[in-house]
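Trainee: Pasting coords-v1.pdb below, which is PDB, C-alpha atoms.
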```
ATOM      1  CA  MET A   1     -18.759 -29.549  -3.209
ATOM      2  CA  THR A   2     -18.137 -26.591  -0.889
ATOM      3  CA  THR A   3     -18.573 -26.683   2.882
ATOM      4  CA  SER A   4     -19.053 -23.798   5.275
ATOM      5  CA  VAL A   5     -16.230 -22.906   7.669
ATOM      6  CA  ALA A   6     -18.494 -21.279  10.283
ATOM      7  CA  PRO A   7     -20.243 -24.482  11.561
ATOM      8  CA  LYS A   8     -16.897 -26.234  11.918
ATOM      9  CA  ARG A   9     -15.507 -23.313  13.876
ATOM     10  CA  GLU A  10     -18.559 -23.215  16.160
ATOM     11  CA  ASN A  11     -18.322 -26.974  16.791
ATOM     12  CA  TYR A  12     -14.635 -26.649  17.560
ATOM     13  CA  LEU A  13     -15.184 -23.756  19.994
ATOM     14  CA  ALA A  14     -17.976 -25.762  21.656
ATOM     15  CA  ARG A  15     -15.574 -28.664  22.255
ATOM     16  CA  LEU A  16     -13.049 -26.255  23.804
ATOM     17  CA  ARG A  17     -15.715 -24.780  26.120
ATOM     18  CA  SER A  18     -16.679 -28.277  27.243
ATOM     19  CA  GLY A  19     -13.099 -28.962  28.374
ATOM     20  CA  GLY A  20     -11.855 -30.811  25.352
ATOM     21  CA  GLN A  21      -8.150 -31.152  24.674
ATOM     22  CA  ARG A  22      -6.542 -28.151  22.987
ATOM     23  CA  PRO A  23      -4.518 -28.744  19.808
ATOM     24  CA  PRO A  24      -0.736 -28.126  20.038
ATOM     25  CA  TRP A  25      -0.924 -24.709  18.341
ATOM     26  CA  MET A  26      -3.420 -23.435  20.965
ATOM     27  CA  GLU A  27      -1.554 -24.590  24.091
ATOM     28  CA  ARG A  28      -0.502 -21.830  26.473
ATOM     29  CA  PRO A  29       3.257 -21.142  25.990
ATOM     30  CA  SER A  30       5.667 -21.603  28.885
ATOM     31  CA  TRP A  31       7.279 -18.661  30.675
ATOM     32  CA  PHE A  32      10.465 -19.313  28.704
ATOM     33  CA  GLY A  33       8.501 -19.241  25.465
ATOM     34  CA  GLN A  34       6.753 -15.996  26.383
ATOM     35  CA  GLY A  35      10.087 -14.413  27.320
ATOM     36  CA  ALA A  36      11.660 -15.525  24.037
ATOM     37  CA  LYS A  37       8.730 -14.082  22.088
ATOM     38  CA  ALA A  38       8.930 -10.790  23.988
ATOM     39  CA  LEU A  39      12.676 -10.566  23.354
ATOM     40  CA  ALA A  40      12.249 -11.352  19.648
ATOM     41  CA  LEU A  41       9.484  -8.736  19.299
ATOM     42  CA  ALA A  42      11.592  -6.143  21.134
ATOM     43  CA  LEU A  43      14.527  -6.798  18.770
ATOM     44  CA  ILE A  44      12.276  -6.477  15.725
ATOM     45  CA  VAL A  45      10.835  -3.186  17.041
ATOM     46  CA  VAL A  46      14.346  -1.804  17.610
ATOM     47  CA  MET A  47      15.514  -2.941  14.150
ATOM     48  CA  VAL A  48      12.496  -1.257  12.523
ATOM     49  CA  THR A  49      12.346   1.985  14.513
ATOM     50  CA  TYR A  50      16.073   2.748  14.943
ATOM     51  CA  PRO A  51      16.785   3.585  11.249
ATOM     52  CA  PHE A  52      13.648   5.737  11.101
ATOM     53  CA  LEU A  53      14.534   7.633  14.301
ATOM     54  CA  LEU A  54      18.146   8.050  13.097
ATOM     55  CA  ALA A  55      16.943   9.538   9.796
ATOM     56  CA  LEU A  56      14.472  11.819  11.621
ATOM     57  CA  GLY A  57      17.083  13.012  14.102
ATOM     58  CA  THR A  58      19.655  13.661  11.372
ATOM     59  CA  SER A  59      17.134  15.643   9.334
ATOM     60  CA  LEU A  60      16.536  17.914  12.355
ATOM     61  CA  ALA A  61      20.203  18.410  13.277
ATOM     62  CA  GLY A  62      22.321  21.447  12.465
ATOM     63  CA  GLN A  63      25.733  21.657  10.795
ATOM     64  CA  LYS A  64      27.783  21.872  14.015
ATOM     65  CA  GLU A  65      26.001  18.954  15.669
ATOM     66  CA  LEU A  66      26.446  16.774  12.593
ATOM     67  CA  GLU A  67      30.163  17.526  12.473
ATOM     68  CA  ALA A  68      30.552  16.891  16.207
ATOM     69  CA  ARG A  69      28.819  13.470  16.020
ATOM     70  CA  GLY A  70      30.368  12.230  12.813
ATOM     71  CA  GLY A  71      27.460  12.698  10.348
ATOM     72  CA  TYR A  72      24.397  11.067  11.930
ATOM     73  CA  VAL A  73      22.421  12.203  14.997
ATOM     74  CA  LEU A  74      19.827  10.109  16.815
ATOM     75  CA  ILE A  75      18.539  12.788  19.228
ATOM     76  CA  PRO A  76      19.497  16.347  18.220
ATOM     77  CA  HIS A  77      20.097  18.750  21.128
ATOM     78  CA  HIS A  78      19.070  21.790  19.091
ATOM     79  CA  PRO A  79      16.528  20.563  16.499
ATOM     80  CA  THR A  80      15.818  22.767  13.509
ATOM     81  CA  PHE A  81      13.326  22.448  10.641
ATOM     82  CA  GLN A  82      15.588  24.274   8.199
ATOM     83  CA  ALA A  83      15.933  21.251   5.902
ATOM     84  CA  TYR A  84      12.136  20.823   5.653
ATOM     85  CA  ASN A  85      11.609  24.568   5.107
ATOM     86  CA  VAL A  86      14.072  24.527   2.213
ATOM     87  CA  LEU A  87      12.613  21.386   0.630
ATOM     88  CA  LEU A  88       8.953  22.444   0.900
ATOM     89  CA  GLN A  89       9.116  26.067  -0.203
ATOM     90  CA  GLY A  90       8.461  25.430  -3.882
ATOM     91  CA  GLY A  91      11.476  23.620  -5.352
ATOM     92  CA  VAL A  92      11.871  20.287  -7.053
ATOM     93  CA  VAL A  93      10.972  18.267  -3.936
ATOM     94  CA  THR A  94       7.734  20.198  -3.405
ATOM     95  CA  ARG A  95       6.735  19.669  -7.042
ATOM     96  CA  ALA A  96       7.621  15.961  -6.888
ATOM     97  CA  THR A  97       5.629  15.557  -3.653
ATOM     98  CA  LEU A  98       2.537  17.109  -5.261
ATOM     99  CA  VAL A  99       2.969  14.833  -8.289
ATOM    100  CA  SER A 100       3.154  11.753  -6.038
ATOM    101  CA  ILE A 101       0.100  12.844  -4.032
ATOM    102  CA  GLY A 102      -1.925  13.425  -7.210
ATOM    103  CA  ILE A 103      -0.912  10.121  -8.794
ATOM    104  CA  THR A 104      -1.636   8.245  -5.555
ATOM    105  CA  LEU A 105      -5.093   9.780  -5.045
ATOM    106  CA  ILE A 106      -6.264   9.535  -8.670
ATOM    107  CA  GLY A 107      -4.640   6.146  -9.281
ATOM    108  CA  THR A 108      -6.060   4.611  -6.108
ATOM    109  CA  ALA A 109      -9.570   5.878  -6.877
ATOM    110  CA  LEU A 110      -9.488   4.552 -10.462
ATOM    111  CA  SER A 111      -7.953   1.235  -9.411
ATOM    112  CA  LEU A 112     -10.593   0.709  -6.722
ATOM    113  CA  LEU A 113     -13.361   1.534  -9.202
ATOM    114  CA  CYS A 114     -12.052  -0.995 -11.741
ATOM    115  CA  THR A 115     -11.318  -3.628  -9.082
ATOM    116  CA  VAL A 116     -14.736  -3.415  -7.428
ATOM    117  CA  THR A 117     -16.712  -3.469 -10.678
ATOM    118  CA  LEU A 118     -14.686  -6.335 -12.169
ATOM    119  CA  ALA A 119     -14.732  -8.351  -8.939
ATOM    120  CA  TYR A 120     -18.484  -7.842  -8.537
ATOM    121  CA  GLY A 121     -19.157  -8.974 -12.091
ATOM    122  CA  LEU A 122     -16.960 -12.056 -11.692
ATOM    123  CA  SER A 123     -18.600 -12.916  -8.362
ATOM    124  CA  ARG A 124     -22.136 -13.058  -9.778
ATOM    125  CA  PRO A 125     -23.356 -16.384 -11.218
ATOM    126  CA  GLY A 126     -24.612 -16.243 -14.763
ATOM    127  CA  MET A 127     -22.432 -13.333 -15.866
ATOM    128  CA  LEU A 128     -21.993 -13.266 -19.646
ATOM    129  CA  MET A 129     -18.502 -14.594 -20.541
ATOM    130  CA  GLY A 130     -17.739 -14.735 -16.812
ATOM    131  CA  LYS A 131     -15.530 -17.844 -16.869
ATOM    132  CA  PRO A 132     -13.428 -16.832 -19.921
ATOM    133  CA  ILE A 133     -12.866 -13.381 -18.407
ATOM    134  CA  LEU A 134     -11.876 -14.975 -15.099
ATOM    135  CA  LEU A 135      -9.400 -17.253 -16.890
ATOM    136  CA  ILE A 136      -7.901 -14.255 -18.696
ATOM    137  CA  VAL A 137      -7.545 -12.404 -15.388
ATOM    138  CA  LEU A 138      -5.917 -15.410 -13.717
ATOM    139  CA  GLY A 139      -3.699 -15.949 -16.768
ATOM    140  CA  THR A 140      -1.880 -12.703 -16.068
ATOM    141  CA  PHE A 141      -0.400 -14.413 -13.011
ATOM    142  CA  LEU A 142       1.479 -16.784 -15.317
ATOM    143  CA  PHE A 143       2.034 -14.609 -18.385
ATOM    144  CA  ALA A 144       3.024 -11.173 -17.136
ATOM    145  CA  PRO A 145       3.978  -8.725 -19.919
ATOM    146  CA  GLY A 146       7.653  -7.788 -20.116
ATOM    147  CA  ILE A 147       9.176  -4.334 -19.977
ATOM    148  CA  ILE A 148       9.634  -3.887 -23.738
ATOM    149  CA  PRO A 149       6.049  -4.950 -24.727
ATOM    150  CA  THR A 150       4.659  -2.684 -22.015
ATOM    151  CA  TYR A 151       6.795   0.225 -23.227
ATOM    152  CA  LEU A 152       5.716  -0.329 -26.843
ATOM    153  CA  VAL A 153       2.033  -0.381 -25.859
ATOM    154  CA  VAL A 154       2.404   2.842 -23.866
ATOM    155  CA  GLN A 155       4.278   4.415 -26.769
ATOM    156  CA  GLN A 156       1.668   3.372 -29.361
ATOM    157  CA  LEU A 157      -1.087   4.814 -27.167
ATOM    158  CA  GLY A 158       0.750   8.143 -27.039
ATOM    159  CA  LEU A 159       1.099   8.075 -23.254
ATOM    160  CA  LEU A 160       4.851   8.675 -23.036
ATOM    161  CA  ASP A 161       5.825  11.627 -20.849
ATOM    162  CA  SER A 162       2.313  11.833 -19.403
ATOM    163  CA  TYR A 163       1.020  11.133 -15.922
ATOM    164  CA  ALA A 164      -1.378   8.557 -17.386
ATOM    165  CA  SER A 165       1.627   6.334 -18.099
ATOM    166  CA  LEU A 166       2.194   6.078 -14.342
ATOM    167  CA  ILE A 167      -1.376   4.913 -13.670
ATOM    168  CA  LEU A 168      -2.855   2.974 -16.594
ATOM    169  CA  PRO A 169      -0.193   0.203 -16.913
ATOM    170  CA  VAL A 170      -0.708  -0.718 -13.229
ATOM    171  CA  LEU A 171      -4.387   0.171 -12.942
ATOM    172  CA  LEU A 172      -5.543  -3.334 -12.005
ATOM    173  CA  ASN A 173      -3.907  -5.781  -9.616
ATOM    174  CA  VAL A 174      -5.089  -9.370 -10.047
ATOM    175  CA  PHE A 175      -4.422 -10.306  -6.421
ATOM    176  CA  ASN A 176      -6.703  -7.524  -5.206
ATOM    177  CA  VAL A 177      -9.394  -8.548  -7.703
ATOM    178  CA  ILE A 178      -9.332 -12.151  -6.443
ATOM    179  CA  VAL A 179      -9.484 -11.081  -2.779
ATOM    180  CA  VAL A 180     -12.382  -8.665  -3.360
ATOM    181  CA  ARG A 181     -14.230 -11.224  -5.513
ATOM    182  CA  ALA A 182     -13.922 -13.850  -2.752
ATOM    183  CA  PHE A 183     -15.301 -11.325  -0.244
ATOM    184  CA  PHE A 184     -18.285 -10.558  -2.475
ATOM    185  CA  GLN A 185     -18.981 -14.275  -2.885
ATOM    186  CA  GLY A 186     -19.124 -14.618   0.919
ATOM    187  CA  ILE A 187     -22.093 -12.234   1.185
ATOM    188  CA  PRO A 188     -25.301 -14.269   1.746
ATOM    189  CA  THR A 189     -27.246 -14.916  -1.440
ATOM    190  CA  GLU A 190     -30.497 -14.082   0.381
ATOM    191  CA  LEU A 191     -29.481 -10.401   0.457
ATOM    192  CA  TYR A 192     -29.193 -10.314  -3.347
ATOM    193  CA  GLU A 193     -32.527 -12.107  -3.773
ATOM    194  CA  ALA A 194     -34.298  -9.790  -1.325
ATOM    195  CA  ALA A 195     -32.934  -6.742  -3.129
ATOM    196  CA  ARG A 196     -34.109  -8.050  -6.493
ATOM    197  CA  LEU A 197     -37.575  -8.706  -5.080
ATOM    198  CA  ASP A 198     -37.620  -5.033  -4.048
ATOM    199  CA  GLY A 199     -36.834  -4.061  -7.637
ATOM    200  CA  ALA A 200     -33.135  -3.182  -7.250
ATOM    201  CA  GLY A 201     -30.819  -3.547 -10.239
ATOM    202  CA  GLU A 202     -27.199  -4.678 -10.196
ATOM    203  CA  LEU A 203     -25.870  -1.129  -9.750
ATOM    204  CA  ALA A 204     -28.216  -0.465  -6.836
ATOM    205  CA  ILE A 205     -27.304  -3.792  -5.217
ATOM    206  CA  LEU A 206     -23.597  -3.010  -5.578
ATOM    207  CA  CYS A 207     -23.853   0.533  -4.193
ATOM    208  CA  ARG A 208     -26.468   0.061  -1.470
ATOM    209  CA  ILE A 209     -25.803  -3.478  -0.210
ATOM    210  CA  VAL A 210     -22.451  -4.884  -1.303
ATOM    211  CA  LEU A 211     -20.199  -1.844  -0.801
ATOM    212  CA  PRO A 212     -21.439  -0.971   2.717
ATOM    213  CA  LEU A 213     -20.777  -4.584   3.755
ATOM    214  CA  SER A 214     -17.329  -4.603   2.135
ATOM    215  CA  LYS A 215     -15.646  -1.636   3.805
ATOM    216  CA  ALA A 216     -12.887  -3.804   5.294
ATOM    217  CA  VAL A 217     -11.713  -5.457   2.073
ATOM    218  CA  ILE A 218     -12.067  -2.236   0.066
ATOM    219  CA  ALA A 219     -10.001  -0.356   2.654
ATOM    220  CA  VAL A 220      -7.271  -3.003   2.447
ATOM    221  CA  ALA A 221      -7.269  -3.026  -1.367
ATOM    222  CA  GLY A 222      -7.113   0.779  -1.315
ATOM    223  CA  LEU A 223      -4.137   0.654   1.044
ATOM    224  CA  PHE A 224      -2.349  -1.816  -1.245
ATOM    225  CA  TYR A 225      -2.963   0.404  -4.276
ATOM    226  CA  ALA A 226      -1.981   3.606  -2.435
ATOM    227  CA  VAL A 227       1.311   2.143  -1.195
ATOM    228  CA  SER A 228       2.054   0.789  -4.677
ATOM    229  CA  TYR A 229       1.440   4.155  -6.395
ATOM    230  CA  TRP A 230       3.301   6.121  -3.712
ATOM    231  CA  ASN A 231       6.412   3.899  -3.822
ATOM    232  CA  SER A 232       6.481   3.449  -7.594
ATOM    233  CA  PHE A 233       9.477   4.934  -9.387
ATOM    234  CA  PHE A 234      10.408   2.507 -12.174
ATOM    235  CA  ASN A 235       7.540   3.480 -14.486
ATOM    236  CA  ALA A 236       8.553   7.131 -14.146
ATOM    237  CA  LEU A 237      12.125   6.299 -15.173
ATOM    238  CA  LEU A 238      10.814   4.207 -18.081
ATOM    239  CA  PHE A 239       8.064   6.458 -19.456
ATOM    240  CA  MET A 240       9.034   9.986 -18.359
ATOM    241  CA  ASN A 241      11.554  12.125 -20.258
ATOM    242  CA  ASP A 242      10.688  15.420 -18.553
ATOM    243  CA  SER A 243      12.432  15.473 -15.163
ATOM    244  CA  GLY A 244       9.968  18.148 -14.024
ATOM    245  CA  LYS A 245       7.238  15.479 -13.942
ATOM    246  CA  TYR A 246       9.163  13.039 -11.777
ATOM    247  CA  PRO A 247       7.360  11.750  -8.646
ATOM    248  CA  LEU A 248       8.943  11.932  -5.214
ATOM    249  CA  GLN A 249      10.389   8.424  -5.258
ATOM    250  CA  VAL A 250      12.581   9.244  -8.274
ATOM    251  CA  ILE A 251      13.901  12.310  -6.437
ATOM    252  CA  LEU A 252      14.484  10.143  -3.372
ATOM    253  CA  ARG A 253      16.366   7.607  -5.487
ATOM    254  CA  SER A 254      18.547  10.303  -7.075
ATOM    255  CA  TYR A 255      19.432  12.217  -3.925
ATOM    256  CA  VAL A 256      19.629   9.432  -1.327
ATOM    257  CA  VAL A 257      20.304   6.124  -3.086
ATOM    258  CA  GLN A 258      22.537   7.390  -5.904
ATOM    259  CA  GLY A 259      24.061  10.168  -3.768
ATOM    260  CA  GLU A 260      23.541  13.013  -6.234
ATOM    261  CA  THR A 261      24.159  16.486  -4.830
ATOM    262  CA  ILE A 262      21.150  18.659  -4.087
ATOM    263  CA  ASN A 263      21.858  22.079  -5.575
ATOM    264  CA  ALA A 264      20.415  25.358  -4.340
ATOM    265  CA  HIS A 265      19.057  26.345  -7.780
ATOM    266  CA  ALA A 266      16.840  23.226  -7.981
ATOM    267  CA  LEU A 267      15.373  24.053  -4.573
ATOM    268  CA  GLY A 268      14.995  27.785  -5.291
ATOM    269  CA  VAL A 269      17.160  28.968  -2.359
ATOM    270  CA  ASN A 270      20.524  30.678  -1.906
ATOM    271  CA  VAL A 271      21.861  28.851   1.161
ATOM    272  CA  LEU A 272      21.547  25.098   1.710
ATOM    273  CA  PRO A 273      21.451  23.163   4.996
ATOM    274  CA  PRO A 274      23.875  20.200   5.357
ATOM    275  CA  SER A 275      23.434  17.736   2.501
ATOM    276  CA  ILE A 276      22.948  14.773   4.851
ATOM    277  CA  SER A 277      20.102  16.642   6.602
ATOM    278  CA  LEU A 278      18.471  17.319   3.230
ATOM    279  CA  GLN A 279      18.763  13.676   2.182
ATOM    280  CA  MET A 280      17.238  12.424   5.433
ATOM    281  CA  ALA A 281      14.479  15.061   5.197
ATOM    282  CA  VAL A 282      13.591  13.812   1.687
ATOM    283  CA  LEU A 283      13.475  10.279   3.111
ATOM    284  CA  ILE A 284      11.132  11.324   5.935
ATOM    285  CA  ILE A 285       8.860  13.255   3.541
ATOM    286  CA  ALA A 286       8.574  10.104   1.418
ATOM    287  CA  LEU A 287       7.703   7.952   4.455
ATOM    288  CA  VAL A 288       5.331  10.120   6.469
ATOM    289  CA  PRO A 289       2.181  10.075   4.236
ATOM    290  CA  ILE A 290       1.924   6.270   4.294
ATOM    291  CA  LEU A 291       2.646   6.213   8.029
ATOM    292  CA  LEU A 292      -0.209   8.672   8.569
ATOM    293  CA  VAL A 293      -2.689   6.686   6.456
ATOM    294  CA  TYR A 294      -1.922   3.223   7.821
ATOM    295  CA  PRO A 295      -3.307   3.692  11.414
ATOM    296  CA  PHE A 296      -6.739   4.635  10.008
ATOM    297  CA  LEU A 297      -6.880   1.447   7.902
ATOM    298  CA  GLN A 298      -5.073  -0.938  10.261
ATOM    299  CA  LYS A 299      -8.306  -1.997  12.016
ATOM    300  CA  HIS A 300      -9.628  -3.310   8.681
ATOM    301  CA  PHE A 301      -6.385  -4.997   7.641
ATOM    302  CA  ALA A 302      -6.652  -8.482   9.182
ATOM    303  CA  LYS A 303     -10.409  -8.781   8.617
ATOM    304  CA  GLY A 304     -10.245  -7.549   5.013
ATOM    305  CA  VAL A 305      -7.409  -9.813   3.922
ATOM    306  CA  LEU A 306      -8.469 -12.977   5.762
ATOM    307  CA  THR A 307     -12.182 -12.724   5.006
ATOM    308  CA  GLY A 308     -11.477 -11.987   1.369
ATOM    309  CA  ALA A 309      -8.912 -14.738   0.994
ATOM    310  CA  VAL A 310     -10.722 -17.591   2.801
ATOM    311  CA  LYS A 311     -13.892 -19.017   1.378
ATOM    312  CA  GLY A 312     -15.775 -21.956   2.768
TER     313      GLY A 312
END
```
Kindly transcribe the structure held in the file into structure tokens.

Mentor:
Amino acid sequence: MTTSVAPKRENYLARLRSGGQRPPWMERPSWFGQGAKALALALIVVMVTYPFLLALGTSLAGQKELEARGGYVLIPHHPTFQAYNVLLQGGVVTRATLVSIGITLIGTALSLLCTVTLAYGLSRPGMLMGKPILLIVLGTFLFAPGIIPTYLVVQQLGLLDSYASLILPVLLNVFNVIVVRAFFQGIPTELYEAARLDGAGELAILCRIVLPLSKAVIAVAGLFYAVSYWNSFFNALLFMNDSGKYPLQVILRSYVVQGETINAHALGVNVLPPSISLQMAVLIIALVPILLVYPFLQKHFAKGVLTGAVKG
């Protein structure tokens, strides 16, 4: 038997307004506690932002400044965009960036389409084979396919060395399906019944009623998928033989993590900036797109995850 969370919350807030005793987790912290929290947050901010600012400053520094400061520069005195100009003028990094952008956009759109349609079907009572399909979906939590079976399936489907191999094996995330399904189930049943009385079918209900009410959870699921596609590199190493089709994260792994030398021929130039500036510039190029997208979706983040995950 399910109970609604909203009446309990309203009753609880009413007791607080009437002067009732606050529970321990809602008591106002002491000055010492507030100071400790502020100090801890400041340390976390420094630990998160310092490596990013160090990489950004090093990518903008010139050869002489790097040599004078021992290799890394936090605030360059004479910033230059030479490393970014070299990387983005048509070489291997430019091609890999376009590949990553394409895979992220197409993969996120397809994943959202599959997630929304599957979650909507599983959220509706009376769906044909609804429970067995739900059990199969949940079963993938416990019985995830291994690397070799996944590779054999991709090979048998003829997807090796194609961009589809970077999207189809990870097209659907079960966690996102469960969160979106829970959100759909939280929409009042009266809305569905009213739409049916007006003659709307399932597709019309999904497009005209459910999706406009589900912007928060769809935005969060889209962010999860976009970050996953953008940061993915293992599938490219596993399924791609043509290095010209590598996404940006593989290039980042080769040049920054494994320390391979960036050669002028691969970038299509004659003179290279300092190698450390190029490596940090590749790192910044790989980080910036997600940093630009996140502020637009941040306002939906808490509401989309919590509302989709909690059901009364």

Trainee: Residue by residue, what does the PyMOL selection byres ((chain A and resi 153-164) around 7) grab here? Present the result as a short mmCIF file (atom, residue, chain, number, x, y, z; two decimals) with C-alpha atoms, in the coordinates of the input.

Mentor:
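The new file part_32.cif reads:
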```cif
data_model
loop_
_atom_site.label_atom_id
_atom_site.label_comp_id
_atom_site.auth_asym_id
_atom_site.auth_seq_id
_atom_site.Cartn_x
_atom_site.Cartn_y
_atom_site.Cartn_z
CA PRO A 149 6.05 -4.95 -24.73
CA THR A 150 4.66 -2.68 -22.02
CA TYR A 151 6.80 0.22 -23.23
CA LEU A 152 5.72 -0.33 -26.84
CA SER A 165 1.63 6.33 -18.10
CA LEU A 166 2.19 6.08 -14.34
CA ILE A 167 -1.38 4.91 -13.67
CA LEU A 168 -2.86 2.97 -16.59
CA PHE A 239 8.06 6.46 -19.46
CA MET A 240 9.03 9.99 -18.36
CA ASN A 241 11.55 12.12 -20.26
CA ASP A 242 10.69 15.42 -18.55
#
```

Trainee: Can you pull out every residue within 7 Å of segment 50-58 of chain A, counting all atoms listed in the file, but drop anything in the same chain fewer than 5 positions away, and send it as number ranges by chain?

Mentor: A: 72-76, 277, 280, 284

Trainee: Which residues would end up in the selection if the PyMOL selection byres ((chain A and resi 173-176) around 8) were applied here, given that I need the answer as a VMD selection string?

Mentor: chain A and resid 115 137 to 138 140 to 141 170 to 172 177 to 180 221

Trainee: Just say which residues the PyMOL selection byres ((chain A and resi 81-86) around 10) picks in this file, as a PyMOL selection string.

Mentor: chain A and resi 59-62+79-80+87-91+93-94+264+267-282+284-285

Trainee: Between A:Ile205, A:Met129, A:Leu223, A:Phe32, which is the closest to Leu105 of chain A once you count all atoms listed in the file?

Mentor: A:Leu223

Trainee: Point out the residue among A:Gln34, A:Ser100, A:Thr49, A:Thr189 with the least atom-to-atom distance to Ser232 of chain A, counting all atoms listed in the file.

Mentor: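 Nearest to Ser232 of chain A: A:Ser100.
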
Trainee: Go through A:Leu43, A:Val293, A:Ile218, A:Ala96 one by one, measure the shortest atom-to-atom distance of each to Leu113 of chain A using all atoms listed in the file, and give the residue with the smallest value.

Mentor: A:Ile218

Trainee: By how many Å are atom CA of Leu191 of chain A and atom CA of Gly121 of chain A apart?

Mentor: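 Taking atom CA of Leu191 of chain A and atom CA of Gly121 of chain A, their separation equals 16.3 Å.
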
Trainee: Could you give me, as a ChimeraX atom specification, the residues that have an atom at most 8 Å away from the point (-6.4, 3.7, 6.2) in the coordinates of the file, using all atoms listed in the file?

Mentor: /A:219-220,223,293-298

Trainee: Rounded to one decimal place, report the atom CA of His78 of chain A-atom CA of Val45 of chain A distance in Å.

Mentor: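 Straight-line distance from atom CA of His78 of chain A to atom CA of Val45 of chain A works out to 26.4 Å.
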
Trainee: Reconstruct N, CA and C atoms of segment 206-222 of chain A; output as a compact mmCIF listing (two decimals), in the frame of the given file.

Mentor:
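Contents of the output file out.txt:
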```txt
# COMPACT_ATOMS: atom_id res chain seq x y z
N LEU A 206 -25.02 -3.23 -5.85
CA LEU A 206 -23.60 -3.01 -5.58
C LEU A 206 -23.40 -1.81 -4.65
N CYS A 207 -24.09 -0.71 -4.94
CA CYS A 207 -23.85 0.53 -4.19
C CYS A 207 -24.51 0.53 -2.82
N ARG A 208 -25.71 -0.06 -2.72
CA ARG A 208 -26.47 0.06 -1.47
C ARG A 208 -26.32 -1.13 -0.54
N ILE A 209 -25.88 -2.28 -1.05
CA ILE A 209 -25.80 -3.48 -0.21
C ILE A 209 -24.37 -4.00 -0.13
N VAL A 210 -23.76 -4.22 -1.30
CA VAL A 210 -22.45 -4.88 -1.30
C VAL A 210 -21.36 -3.96 -0.75
N LEU A 211 -21.28 -2.74 -1.24
CA LEU A 211 -20.20 -1.84 -0.80
C LEU A 211 -20.25 -1.52 0.69
N PRO A 212 -21.43 -1.21 1.27
CA PRO A 212 -21.44 -0.97 2.72
C PRO A 212 -21.00 -2.17 3.55
N LEU A 213 -21.21 -3.39 3.02
CA LEU A 213 -20.78 -4.58 3.76
C LEU A 213 -19.32 -4.93 3.50
N SER A 214 -18.69 -4.23 2.56
CA SER A 214 -17.33 -4.60 2.13
C SER A 214 -16.31 -3.52 2.46
N LYS A 215 -16.57 -2.72 3.49
CA LYS A 215 -15.65 -1.64 3.80
C LYS A 215 -14.26 -2.15 4.15
N ALA A 216 -14.19 -3.30 4.85
CA ALA A 216 -12.89 -3.80 5.29
C ALA A 216 -12.01 -4.19 4.10
N VAL A 217 -12.54 -4.99 3.19
CA VAL A 217 -11.71 -5.46 2.07
C VAL A 217 -11.41 -4.32 1.10
N ILE A 218 -12.33 -3.38 0.94
CA ILE A 218 -12.07 -2.24 0.07
C ILE A 218 -11.00 -1.33 0.67
N ALA A 219 -11.04 -1.16 2.00
CA ALA A 219 -10.00 -0.36 2.65
C ALA A 219 -8.63 -0.99 2.48
N VAL A 220 -8.55 -2.32 2.61
CA VAL A 220 -7.27 -3.00 2.45
C VAL A 220 -6.78 -2.92 1.00
N ALA A 221 -7.67 -3.14 0.04
CA ALA A 221 -7.27 -3.03 -1.37
C ALA A 221 -6.82 -1.60 -1.66
N GLY A 222 -7.52 -0.61 -1.11
CA GLY A 222 -7.11 0.78 -1.32
C GLY A 222 -5.75 1.06 -0.73
```
